[in-house]
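Written out below as structure tokens is the structure these notes cover.
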Protein chains: 2
Amino acid sequence: MTTEGETSLLPPTLEEVAAAAGVSRSTVSRVVNRSTKVSPEALASVTAVIERLGYVPNRAARSLANRQTKAIALVVPEETSRFFSDPYFAEIVHGITHAMEPSDYVLNLQLASPFVPTSKTNKYLRGGNADGAIVISHHAGDAFLAGLRDTFPVVFGGRPMNSQQPDAYYVDVDNAAAAQMGTQRLIDIGRRRIATIAGPADMPAGTDRTTGWRRALGAAGMPEGLIVHGDFSVASGARAMRELLDRDPEIDGVFVASDLMATGAVAVLRQRGKTVPGDVAIVGFDDNSAAVSGEVQLTTVSQPSMEMGEKIWEVLLARLRGEETAHAHILSTRLVIRASA
Amino acid sequence: MTTEGETSLLPPTLEEVAAAAGVSRSTVSRVVNRSTKVSPEALASVTAVIERLGYVPNRAARSLANRQTKAIALVVPEETSRFFSDPYFAEIVHGITHAMEPSDYVLNLQLASPFVPTSKTNKYLRGGNADGAIVISHHAGDAFLAGLRDTFPVVFGGRPMNSQQPDAYYVDVDNAAAAQMGTQRLIDIGRRRIATIAGPADMPAGTDRTTGWRRALGAAGMPEGLIVHGDFSVASGARAMRELLDRDPEIDGVFVASDLMATGAVAVLRQRGKTVPGDVAIVGFDDNSAAVSGEVQLTTVSQPSMEMGEKIWEVLLARLRGEETAHAHILSTRLVIRASA
DNA sequence: CTGAAAGCGCTTACAG
DNA sequence: CTGAAAGCGCTTACAG
């Protein structure tokens with residue numbers, strides 16, 4: 001596949017381009033980096049040679065010289081199967097890649113093993129492989145950020161647990177307020193025994209949504225309801241719903257912390273002969289494809305996952321450029337009413 | 001987060017480790033690369049300093065010096081949403097990452113825009129960012145491999161279209177034989193008007209499965225059936241099923257080239273008041289989570305996606321090491337009988 | 001077993 | 001606007 005019969009085993013270097021164009025390496029470098037101070041003639045000849053030789057700068061050499069990789073690590077401390085099965089990730093990644101499109105940065109996905117400090121991911125980050133990192137689905141205890149320099153720009157998708165990341169930059173929604181809004185819907189339609197299927201207790205998206213559910217009940221003067229934790233997956237939602245029904249068969253409403261878990265919960269309810277929303281009303285969280293893929297269209301709290309992805313890149317880019325930016329970026333949510341509540 | 005109060009703005013270099021350990025850079029390099037020719041004393045002292053300083057080799061420098069990146073590009077020429085929604089990708093990526101685990105290579109995902117020759121992906125590959133590439137879901141016309149040196153190791157998940165990659169290395173199943181087996185099931189249970197929902201015509205997984213379906217009908221002395229193409233997504237399966245029913249309401253069997261499309265087809269059939277498999281029997285392809293997620297459990301042709309991922313890495317590793325390996329690696333399939341046929 | 005030296009392919013002040 | 005030179009942080013023969 002060599003161009004025009006130029007038979008070299010190695011790809012062309014800047015040096016060779018310079019020689020062929022009759023200019024110095026400096027000048028070729030200026031052309032490649034679109035520096036303005038190049039004469040029209042030099043520009044034309046260098047451009048032509050680059051085209052003819054199919055020259056592409058060697059990124060390792062470039063990184064070494066200017067201390068920039070033009071690569072961003074996307075760190076997701078989840079199992080491969082979870083990462084691929086939750087539309088939430090698809091949307092947020094889509095938002096990030098879409099926003100990055102005009103830039104010359106590349107995104108390198110790192111599916112991290114949680115709780116392993118000396119993991120590949122940690123070494124990857126510390127080995128100068130990326131100029132910054134985006135961390136999504138961060139759990140308390142995740143140690144892959146250990147030993148990073150304070151100046152290494154990291155932006156979180158979802159507020160990290162406070163203790164570990166005091167000055168973190170992040171993009172999130174107001175999970176507590178959003179969950180309160182979702183739970184309020186159940187109250188508004190007359191439900192009186194309202195349980196919750198919560199997210200993991202080691203993530204704010206788990207704990208904060210539980211807080212919101214509790215607040216809604218409290219504000220309505222209702223007694224505390226039952227709570228069971230899941231891990232945001234369909235299977236965990238089903239498991240949690242079974243446990244809730246076993247503990248209290250009279251439940252008439254459930255606020256579920258993700259649409260994926262909600263679909264699992266709905267399936268179990270129907271299996272057990274309960275109608276949705278007749279016997280039990282369900283409010284989910286996310287408003288992604290999972291909300292409308294099941295047999296019952298979900299009433300759910302909508303969060304702008306794709307926009308969150310775009311905002312994450314915006315914040316990271318600001319940090320890479322050394323620009324000022326707020327630590328917390330909170331996007332808004334809304335209630336989407338469909339069939340389940 | 002600097003270790004033990006060592007306050008340097010930059011990460012420690014090999015040079016600093018050498019100075020602190022009282023040895024030369026060469027010796028530190030030997031320790032880092034586990035070369036055997038190092039005295040126990042030197043080994044101990046260098047190891048201790050590395051630990052104390054939290055030294056991690058700079059990958060750009062290393063790459064530049066030894067012409068290896070220890071990175072592999074995973075190229076997937078699909079939209080983000082398609083990549084995330086098809087369990088096939090999840091399984092194959094899982095297989096690859098699982099097999100790579102013991103190695104010190106990292107996997108960099110590149111969601112490529114198909115048909116754009118000068119894309120980021122092409123530049124990425126040509127810029128020396130990876131030692132090899134894995135290409136999954138390759139379409140005819142994909143141009144991101146243009147201009148790569150012949151020696152650059154590439155392994156395809158699924159045989160590429162012949163014209164473009166004459167000597168390609170790939171891991172696949174015998175799609176034609178597998179599809180014939182799936183279609184035969186429909187014949188065996190007495191179906192006589194058997195259509196197919198095929199994959200894209202620009203991929204062997206599309207064309208070869210169609211060939212297998214046609215062969216089964218031919219071998220049974222049955223007339224040619226109707227064929228409509230989809231893109232492997234649920235929505236395209238639904239669309240295709242509608243078209244088939246419009247063209248021939250008497251269809252009693254459909255061989256569908258992916259489970260995801262099959263779930264879309266089943267949903268449409270039920271909407272139109274047809275029972276599955278009573279009125280119309282369905283055989284899918286893949287045997288992943290999509291096959292058992294819908295209302296009707298799918299009878300399907302099972303291909304070992306995760307094992308294919310593992311085999312892909314095995315083949316690529318052999319090529320990276322310069323070892324001999326076959327060009328084609330064909331794994332076996334089997335028919336899994338559930339409820340839909 | 002160990003070290004001095006060259007070199008990987010770029011960028012970046014610095015002169016001119 | 002342009003070029004010579006130093007330097008980025010490693011690895012790798014080559015001597016010893």
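Letters for chains follow the order of the structure tokens (A, B, ...), residue numbers begin at 1 for each chain, and ligand numbers begin at 1 in the order shown.
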Just want the 6 Å neighbourhood of Tyr169 (chain A), counted on only C-alpha atoms (C1' of nucleotides), with same-chain residues fewer than 3 positions away dropped. Output as a compact mmCIF listing (two decimals) with C-alpha atoms, in the first residue's frame.
# COMPACT_ATOMS: atom_id res chain seq x y z
CA VAL A 155 -13.42 15.67 34.94
CA HIS A 327 -15.99 22.89 39.65
CA ALA A 328 -19.63 21.83 39.55
Within region 10-145 of chain A, find each residue whose DSSP state, derived from the backbone, is helix (DSSP H, G or I), and express the selection as an mmCIF file with N, CA and C atoms, in the first residue's frame.
data_model
loop_
_atom_site.group_PDB
_atom_site.id
_atom_site.type_symbol
_atom_site.label_atom_id
_atom_site.label_comp_id
_atom_site.auth_asym_id
_atom_site.auth_seq_id
_atom_site.Cartn_x
_atom_site.Cartn_y
_atom_site.Cartn_z
ATOM 1 N N LEU A 14 9.723 13.534 9.255
ATOM 2 C CA LEU A 14 9.766 14.967 8.995
ATOM 3 C C LEU A 14 11.072 15.335 8.296
ATOM 4 N N GLU A 15 12.124 14.695 8.684
ATOM 5 C CA GLU A 15 13.437 14.898 8.084
ATOM 6 C C GLU A 15 13.402 14.663 6.574
ATOM 7 N N GLU A 16 12.763 13.552 6.191
ATOM 8 C CA GLU A 16 12.691 13.239 4.767
ATOM 9 C C GLU A 16 11.838 14.248 4.009
ATOM 10 N N VAL A 17 10.793 14.695 4.652
ATOM 11 C CA VAL A 17 9.943 15.696 4.023
ATOM 12 C C VAL A 17 10.756 16.966 3.800
ATOM 13 N N ALA A 18 11.519 17.340 4.811
ATOM 14 C CA ALA A 18 12.330 18.554 4.717
ATOM 15 C C ALA A 18 13.311 18.457 3.552
ATOM 16 N N ALA A 19 13.979 17.329 3.464
ATOM 17 C CA ALA A 19 14.951 17.127 2.397
ATOM 18 C C ALA A 19 14.284 17.227 1.025
ATOM 19 N N ALA A 20 13.159 16.535 0.892
ATOM 20 C CA ALA A 20 12.471 16.520 -0.395
ATOM 21 C C ALA A 20 11.937 17.900 -0.772
ATOM 22 N N ALA A 21 11.593 18.686 0.236
ATOM 23 C CA ALA A 21 11.016 20.001 -0.045
ATOM 24 C C ALA A 21 12.100 21.077 -0.102
ATOM 25 N N ARG A 25 13.964 21.239 8.827
ATOM 26 C CA ARG A 25 12.967 20.534 9.622
ATOM 27 C C ARG A 25 12.055 21.532 10.337
ATOM 28 N N SER A 26 12.642 22.610 10.787
ATOM 29 C CA SER A 26 11.845 23.622 11.492
ATOM 30 C C SER A 26 10.674 24.094 10.639
ATOM 31 N N THR A 27 10.982 24.340 9.387
ATOM 32 C CA THR A 27 9.939 24.852 8.501
ATOM 33 C C THR A 27 8.834 23.820 8.286
ATOM 34 N N VAL A 28 9.228 22.575 8.092
ATOM 35 C CA VAL A 28 8.212 21.539 7.935
ATOM 36 C C VAL A 28 7.347 21.480 9.186
ATOM 37 N N SER A 29 7.998 21.544 10.332
ATOM 38 C CA SER A 29 7.260 21.503 11.580
ATOM 39 C C SER A 29 6.258 22.650 11.648
ATOM 40 N N ARG A 30 6.687 23.820 11.218
ATOM 41 C CA ARG A 30 5.784 24.974 11.243
ATOM 42 C C ARG A 30 4.577 24.743 10.343
ATOM 43 N N VAL A 31 4.820 24.157 9.199
ATOM 44 C CA VAL A 31 3.706 23.886 8.284
ATOM 45 C C VAL A 31 2.739 22.885 8.921
ATOM 46 N N VAL A 32 3.303 21.811 9.438
ATOM 47 C CA VAL A 32 2.470 20.770 10.034
ATOM 48 C C VAL A 32 1.632 21.336 11.180
ATOM 49 N N PRO A 40 4.650 31.699 1.491
ATOM 50 C CA PRO A 40 3.729 30.960 0.614
ATOM 51 C C PRO A 40 4.442 29.876 -0.184
ATOM 52 N N GLU A 41 5.648 30.183 -0.674
ATOM 53 C CA GLU A 41 6.376 29.196 -1.477
ATOM 54 C C GLU A 41 6.719 27.965 -0.637
ATOM 55 N N ALA A 42 7.292 28.219 0.537
ATOM 56 C CA ALA A 42 7.657 27.107 1.415
ATOM 57 C C ALA A 42 6.423 26.278 1.747
ATOM 58 N N LEU A 43 5.357 26.977 2.085
ATOM 59 C CA LEU A 43 4.114 26.299 2.432
ATOM 60 C C LEU A 43 3.666 25.364 1.316
ATOM 61 N N ALA A 44 3.676 25.901 0.091
ATOM 62 C CA ALA A 44 3.216 25.117 -1.048
ATOM 63 C C ALA A 44 4.093 23.886 -1.265
ATOM 64 N N SER A 45 5.385 24.084 -1.246
ATOM 65 C CA SER A 45 6.261 22.957 -1.552
ATOM 66 C C SER A 45 6.188 21.891 -0.458
ATOM 67 N N VAL A 46 6.177 22.330 0.788
ATOM 68 C CA VAL A 46 6.088 21.361 1.882
ATOM 69 C C VAL A 46 4.760 20.601 1.836
ATOM 70 N N THR A 47 3.695 21.330 1.617
ATOM 71 C CA THR A 47 2.378 20.702 1.557
ATOM 72 C C THR A 47 2.341 19.629 0.469
ATOM 73 N N ALA A 48 2.929 19.966 -0.667
ATOM 74 C CA ALA A 48 2.934 19.013 -1.779
ATOM 75 C C ALA A 48 3.707 17.751 -1.409
ATOM 76 N N VAL A 49 4.863 17.932 -0.806
ATOM 77 C CA VAL A 49 5.676 16.771 -0.441
ATOM 78 C C VAL A 49 4.964 15.905 0.605
ATOM 79 N N ILE A 50 4.349 16.560 1.569
ATOM 80 C CA ILE A 50 3.615 15.816 2.602
ATOM 81 C C ILE A 50 2.558 14.940 1.951
ATOM 82 N N GLU A 51 1.852 15.536 1.012
ATOM 83 C CA GLU A 51 0.799 14.826 0.305
ATOM 84 C C GLU A 51 1.384 13.647 -0.477
ATOM 85 N N ARG A 52 2.456 13.921 -1.184
ATOM 86 C CA ARG A 52 3.044 12.895 -2.037
ATOM 87 C C ARG A 52 3.594 11.718 -1.236
ATOM 88 N N LEU A 53 4.240 12.054 -0.120
ATOM 89 C CA LEU A 53 4.853 10.988 0.684
ATOM 90 C C LEU A 53 3.869 10.342 1.666
ATOM 91 N N ARG A 59 3.438 10.297 16.541
ATOM 92 C CA ARG A 59 2.907 10.907 17.747
ATOM 93 C C ARG A 59 3.816 10.762 18.971
ATOM 94 N N ALA A 60 4.548 9.665 19.032
ATOM 95 C CA ALA A 60 5.430 9.483 20.187
ATOM 96 C C ALA A 60 6.480 10.587 20.214
ATOM 97 N N ALA A 61 7.074 10.844 19.068
ATOM 98 C CA ALA A 61 8.116 11.866 18.997
ATOM 99 C C ALA A 61 7.542 13.228 19.347
ATOM 100 N N ARG A 62 6.388 13.482 18.821
ATOM 101 C CA ARG A 62 5.745 14.763 19.076
ATOM 102 C C ARG A 62 5.414 14.921 20.565
ATOM 103 N N SER A 63 4.877 13.875 21.147
ATOM 104 C CA SER A 63 4.530 13.917 22.571
ATOM 105 C C SER A 63 5.754 14.180 23.423
ATOM 106 N N LEU A 64 6.795 13.484 23.070
ATOM 107 C CA LEU A 64 8.014 13.610 23.855
ATOM 108 C C LEU A 64 8.545 15.034 23.799
ATOM 109 N N ALA A 65 8.474 15.614 22.626
ATOM 110 C CA ALA A 65 9.031 16.949 22.457
ATOM 111 C C ALA A 65 8.171 18.034 23.104
ATOM 112 N N ASN A 66 6.883 17.937 22.958
ATOM 113 C CA ASN A 66 6.075 19.048 23.483
ATOM 114 C C ASN A 66 5.230 18.685 24.700
ATOM 115 N N THR A 80 -17.196 -4.967 31.601
ATOM 116 C CA THR A 80 -17.503 -4.791 30.191
ATOM 117 C C THR A 80 -18.999 -4.955 29.922
ATOM 118 N N SER A 81 -19.576 -5.971 30.507
ATOM 119 C CA SER A 81 -20.985 -6.253 30.215
ATOM 120 C C SER A 81 -21.899 -5.136 30.716
ATOM 121 N N ARG A 82 -21.613 -4.569 31.867
ATOM 122 C CA ARG A 82 -22.415 -3.465 32.388
ATOM 123 C C ARG A 82 -22.257 -2.250 31.484
ATOM 124 N N PHE A 83 -21.015 -1.992 31.109
ATOM 125 C CA PHE A 83 -20.742 -0.823 30.283
ATOM 126 C C PHE A 83 -21.531 -0.878 28.982
ATOM 127 N N PHE A 84 -21.592 -2.060 28.401
ATOM 128 C CA PHE A 84 -22.261 -2.169 27.119
ATOM 129 C C PHE A 84 -23.773 -2.271 27.231
ATOM 130 N N SER A 85 -24.262 -2.678 28.383
ATOM 131 C CA SER A 85 -25.698 -2.919 28.443
ATOM 132 C C SER A 85 -26.506 -1.724 28.930
ATOM 133 N N PRO A 87 -27.749 1.913 28.427
ATOM 134 C CA PRO A 87 -27.799 2.982 27.435
ATOM 135 C C PRO A 87 -27.269 4.312 27.971
ATOM 136 N N TYR A 88 -27.229 4.447 29.281
ATOM 137 C CA TYR A 88 -26.690 5.658 29.881
ATOM 138 C C TYR A 88 -25.258 5.897 29.395
ATOM 139 N N PHE A 89 -24.457 4.850 29.375
ATOM 140 C CA PHE A 89 -23.075 4.986 28.926
ATOM 141 C C PHE A 89 -23.008 5.338 27.444
ATOM 142 N N ALA A 90 -23.848 4.683 26.672
ATOM 143 C CA ALA A 90 -23.857 4.964 25.242
ATOM 144 C C ALA A 90 -24.128 6.442 24.996
ATOM 145 N N GLU A 91 -25.095 6.978 25.719
ATOM 146 C CA GLU A 91 -25.457 8.377 25.491
ATOM 147 C C GLU A 91 -24.364 9.342 25.923
ATOM 148 N N ILE A 92 -23.800 9.081 27.057
ATOM 149 C CA ILE A 92 -22.795 10.011 27.557
ATOM 150 C C ILE A 92 -21.519 9.934 26.702
ATOM 151 N N VAL A 93 -21.159 8.737 26.271
ATOM 152 C CA VAL A 93 -19.994 8.590 25.395
ATOM 153 C C VAL A 93 -20.271 9.256 24.054
ATOM 154 N N HIS A 94 -21.478 9.103 23.597
ATOM 155 C CA HIS A 94 -21.853 9.744 22.344
ATOM 156 C C HIS A 94 -21.695 11.257 22.464
ATOM 157 N N GLY A 95 -22.144 11.795 23.576
ATOM 158 C CA GLY A 95 -22.015 13.234 23.799
ATOM 159 C C GLY A 95 -20.556 13.666 23.824
ATOM 160 N N ILE A 96 -19.735 12.904 24.487
ATOM 161 C CA ILE A 96 -18.311 13.252 24.573
ATOM 162 C C ILE A 96 -17.664 13.214 23.192
ATOM 163 N N THR A 97 -17.849 12.098 22.485
ATOM 164 C CA THR A 97 -17.191 11.965 21.183
ATOM 165 C C THR A 97 -17.720 13.006 20.201
ATOM 166 N N HIS A 98 -18.992 13.294 20.307
ATOM 167 C CA HIS A 98 -19.555 14.297 19.417
ATOM 168 C C HIS A 98 -18.920 15.660 19.664
ATOM 169 N N ALA A 99 -18.782 16.011 20.933
ATOM 170 C CA ALA A 99 -18.201 17.309 21.269
ATOM 171 C C ALA A 99 -16.718 17.362 20.902
ATOM 172 N N MET A 100 -16.032 16.225 20.971
ATOM 173 C CA MET A 100 -14.600 16.192 20.684
ATOM 174 C C MET A 100 -14.297 16.235 19.197
ATOM 175 N N LYS A 120 -3.557 -1.508 35.404
ATOM 176 C CA LYS A 120 -3.118 -0.969 34.122
ATOM 177 C C LYS A 120 -3.579 0.468 33.957
ATOM 178 N N THR A 121 -4.790 0.730 34.369
ATOM 179 C CA THR A 121 -5.328 2.069 34.192
ATOM 180 C C THR A 121 -4.498 3.094 34.943
ATOM 181 N N ASN A 122 -4.154 2.768 36.158
ATOM 182 C CA ASN A 122 -3.337 3.684 36.941
ATOM 183 C C ASN A 122 -1.985 3.925 36.265
ATOM 184 N N LYS A 123 -1.374 2.872 35.808
ATOM 185 C CA LYS A 123 -0.097 3.024 35.118
ATOM 186 C C LYS A 123 -0.254 3.796 33.820
ATOM 187 N N TYR A 124 -1.342 3.519 33.165
ATOM 188 C CA TYR A 124 -1.610 4.192 31.898
ATOM 189 C C TYR A 124 -1.660 5.696 32.116
ATOM 190 N N LEU A 125 -2.408 6.092 33.129
ATOM 191 C CA LEU A 125 -2.566 7.504 33.428
ATOM 192 C C LEU A 125 -1.245 8.126 33.869
ATOM 193 N N ARG A 126 -0.495 7.399 34.660
ATOM 194 C CA ARG A 126 0.755 7.954 35.175
ATOM 195 C C ARG A 126 1.906 7.865 34.180
#
Excluding Ala178 (chain A) and residues on its chain fewer than 6 positions from it, collect all residues at most 8 Å away from it, counting only C-alpha atoms (C1' of nucleotides), and give them as an mmCIF file with C-alpha atoms, in the first residue's frame.
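Contents of the output file part-v3.cif:
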data_model
loop_
_atom_site.group_PDB
_atom_site.id
_atom_site.type_symbol
_atom_site.label_atom_id
_atom_site.label_comp_id
_atom_site.auth_asym_id
_atom_site.auth_seq_id
_atom_site.Cartn_x
_atom_site.Cartn_y
_atom_site.Cartn_z
ATOM 1 C CA ARG A 209 -31.466 9.703 44.729
ATOM 2 C CA GLY A 212 -34.578 12.710 47.339
ATOM 3 C CA VAL A 301 -37.013 11.432 35.531
ATOM 4 C CA THR A 333 -33.860 17.355 34.794
ATOM 5 C CA ARG A 334 -37.555 17.018 34.121
#
What does the structure give for the distance between CA of Val254 (chain B) and CA of Ala195 (chain B), in Å to one decimal?
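According to the coordinates, CA of Val254 (chain B) and CA of Ala195 (chain B) are separated by 4.8 Å.
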Would you tabulate, counting only C-alpha atoms (C1' of nucleotides), all residues of chain D that have an atom at most 12 Å from an atom of chain A, showing the closest pair of atoms and their distance in Å to one decimal, sorted by chain then ascending number, as JSON lines?
{"residue": "D:DC1", "atom": "C1'", "partner": "A:Val38", "partner_atom": "CA", "distance": 6.0}
{"residue": "D:DT2", "atom": "C1'", "partner": "A:Thr27", "partner_atom": "CA", "distance": 7.1}
{"residue": "D:DG3", "atom": "C1'", "partner": "A:Ser24", "partner_atom": "CA", "distance": 6.1}
{"residue": "D:DA4", "atom": "C1'", "partner": "A:Ser24", "partner_atom": "CA", "distance": 9.3}
{"residue": "D:DA5", "atom": "C1'", "partner": "A:Ser26", "partner_atom": "CA", "distance": 11.2}
{"residue": "D:DA6", "atom": "C1'", "partner": "A:Ala65", "partner_atom": "CA", "distance": 11.4}
{"residue": "D:DG7", "atom": "C1'", "partner": "A:Ala65", "partner_atom": "CA", "distance": 7.8}
{"residue": "D:DC8", "atom": "C1'", "partner": "A:Ala65", "partner_atom": "CA", "distance": 4.5}
{"residue": "D:DG9", "atom": "C1'", "partner": "A:Leu64", "partner_atom": "CA", "distance": 7.3}
{"residue": "D:DC10", "atom": "C1'", "partner": "A:Leu64", "partner_atom": "CA", "distance": 9.7}
For the selection just defined, write its residues with C-alpha atoms (C1' of nucleotides) to a file, as a PDB file, in the first residue's frame.
ATOM      1  C1'  DC D   1      10.459  34.245   7.448  1.00  0.00           C
ATOM      2  C1'  DT D   2      14.192  30.521   8.205  1.00  0.00           C
ATOM      3  C1'  DG D   3      17.719  27.274   9.995  1.00  0.00           C
ATOM      4  C1'  DA D   4      21.108  25.176  13.485  1.00  0.00           C
ATOM      5  C1'  DA D   5      21.046  23.182  17.781  1.00  0.00           C
ATOM      6  C1'  DA D   6      19.454  21.495  22.006  1.00  0.00           C
ATOM      7  C1'  DG D   7      16.388  18.619  24.261  1.00  0.00           C
ATOM      8  C1'  DC D   8      12.140  15.607  25.359  1.00  0.00           C
ATOM      9  C1'  DG D   9      12.916  10.362  28.152  1.00  0.00           C
ATOM     10  C1'  DC D  10      13.711   6.362  26.858  1.00  0.00           C
TER      11       DC D  10
END
Closest to Gly237 (chain A) among A:Leu331, A:Ala176, A:Ile282, A:Met306, using only C-alpha atoms?
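For Gly237 (chain A), the nearest of the candidates is A:Ile282.
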Check the DSSP output for the backbone and give back, as a short mmCIF file (atom, residue, chain, number, x, y, z; two decimals) with C-alpha atoms, in the first residue's frame, the residues of region 17-248 of chain A in strand (DSSP E).
data_model
loop_
_atom_site.label_atom_id
_atom_site.label_comp_id
_atom_site.auth_asym_id
_atom_site.auth_seq_id
_atom_site.Cartn_x
_atom_site.Cartn_y
_atom_site.Cartn_z
CA ALA A 71 -5.17 11.90 23.90
CA ILE A 72 -7.82 11.74 26.60
CA ALA A 73 -8.45 8.70 28.74
CA LEU A 74 -12.08 7.75 29.33
CA VAL A 75 -12.03 5.72 32.50
CA VAL A 76 -15.06 3.61 33.33
CA VAL A 106 -8.53 11.18 20.49
CA LEU A 107 -10.46 9.36 23.19
CA ASN A 108 -8.98 6.19 24.65
CA LEU A 109 -11.41 4.03 26.52
CA GLN A 110 -10.13 2.36 29.65
CA LEU A 111 -12.48 -0.14 31.21
CA GLY A 132 -6.39 14.42 30.84
CA ALA A 133 -9.02 11.97 31.95
CA ILE A 134 -12.77 11.66 32.07
CA VAL A 135 -14.11 9.39 34.78
CA ILE A 136 -17.62 8.02 34.51
CA VAL A 154 -9.71 15.09 35.47
CA VAL A 155 -13.42 15.67 34.94
CA PHE A 156 -16.03 13.41 36.46
CA GLY A 157 -19.33 12.45 34.92
CA TYR A 169 -14.48 19.07 38.56
CA TYR A 170 -17.68 17.36 37.56
CA VAL A 171 -20.84 17.47 35.51
CA ASP A 172 -24.00 16.15 37.08
CA VAL A 173 -27.66 16.74 37.76
CA ILE A 194 -43.84 3.93 48.26
CA ALA A 195 -40.63 1.93 48.22
CA THR A 196 -37.43 2.58 46.32
CA ILE A 197 -34.98 0.50 44.35
CA ALA A 198 -31.81 2.48 44.93
CA ILE A 227 -35.40 0.42 50.36
CA VAL A 228 -33.41 -2.19 48.44
CA HIS A 229 -30.19 -1.51 46.54
#
How far is it from CA of Gly221 (chain B) to CA of Phe255 (chain B), in Å with one decimal?
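These atoms are spaced 17.1 Å apart.
Distance annotation: of A:Met222, A:Ala290, A:Val276, A:Ala179, the residue with the minimal separation from chain B is A:Ala290; atom set is only C-alpha atoms.
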Report, in Å to a single decimal, how far apart CA of Asn129 (chain A) and CA of Ala146 (chain A) are.
15.5 Å
Would you mind telling me which residue in A:Ala291, A:Asp188, A:Leu298, A:Asp131 lies nearest to Leu316 (chain A) when using only C-alpha atoms?
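Looking at the shortest contact to Leu316 (chain A), the residue is A:Asp131.
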Which residue gives the smallest distance to chain B among A:Glu101, A:Glu323, A:Asn33, A:Gly22, with only C-alpha atoms counted?
A:Glu101
Measuring atom to atom with only C-alpha atoms, identify which of A:Arg319, A:Lys70, A:Arg214, A:Arg149 is nearest to chain B.
A:Arg149
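Considering only C-alpha atoms, the residue among A:Asp142, A:Glu295, A:Asp259, A:Asp252 positioned nearest to chain B is A:Glu295.
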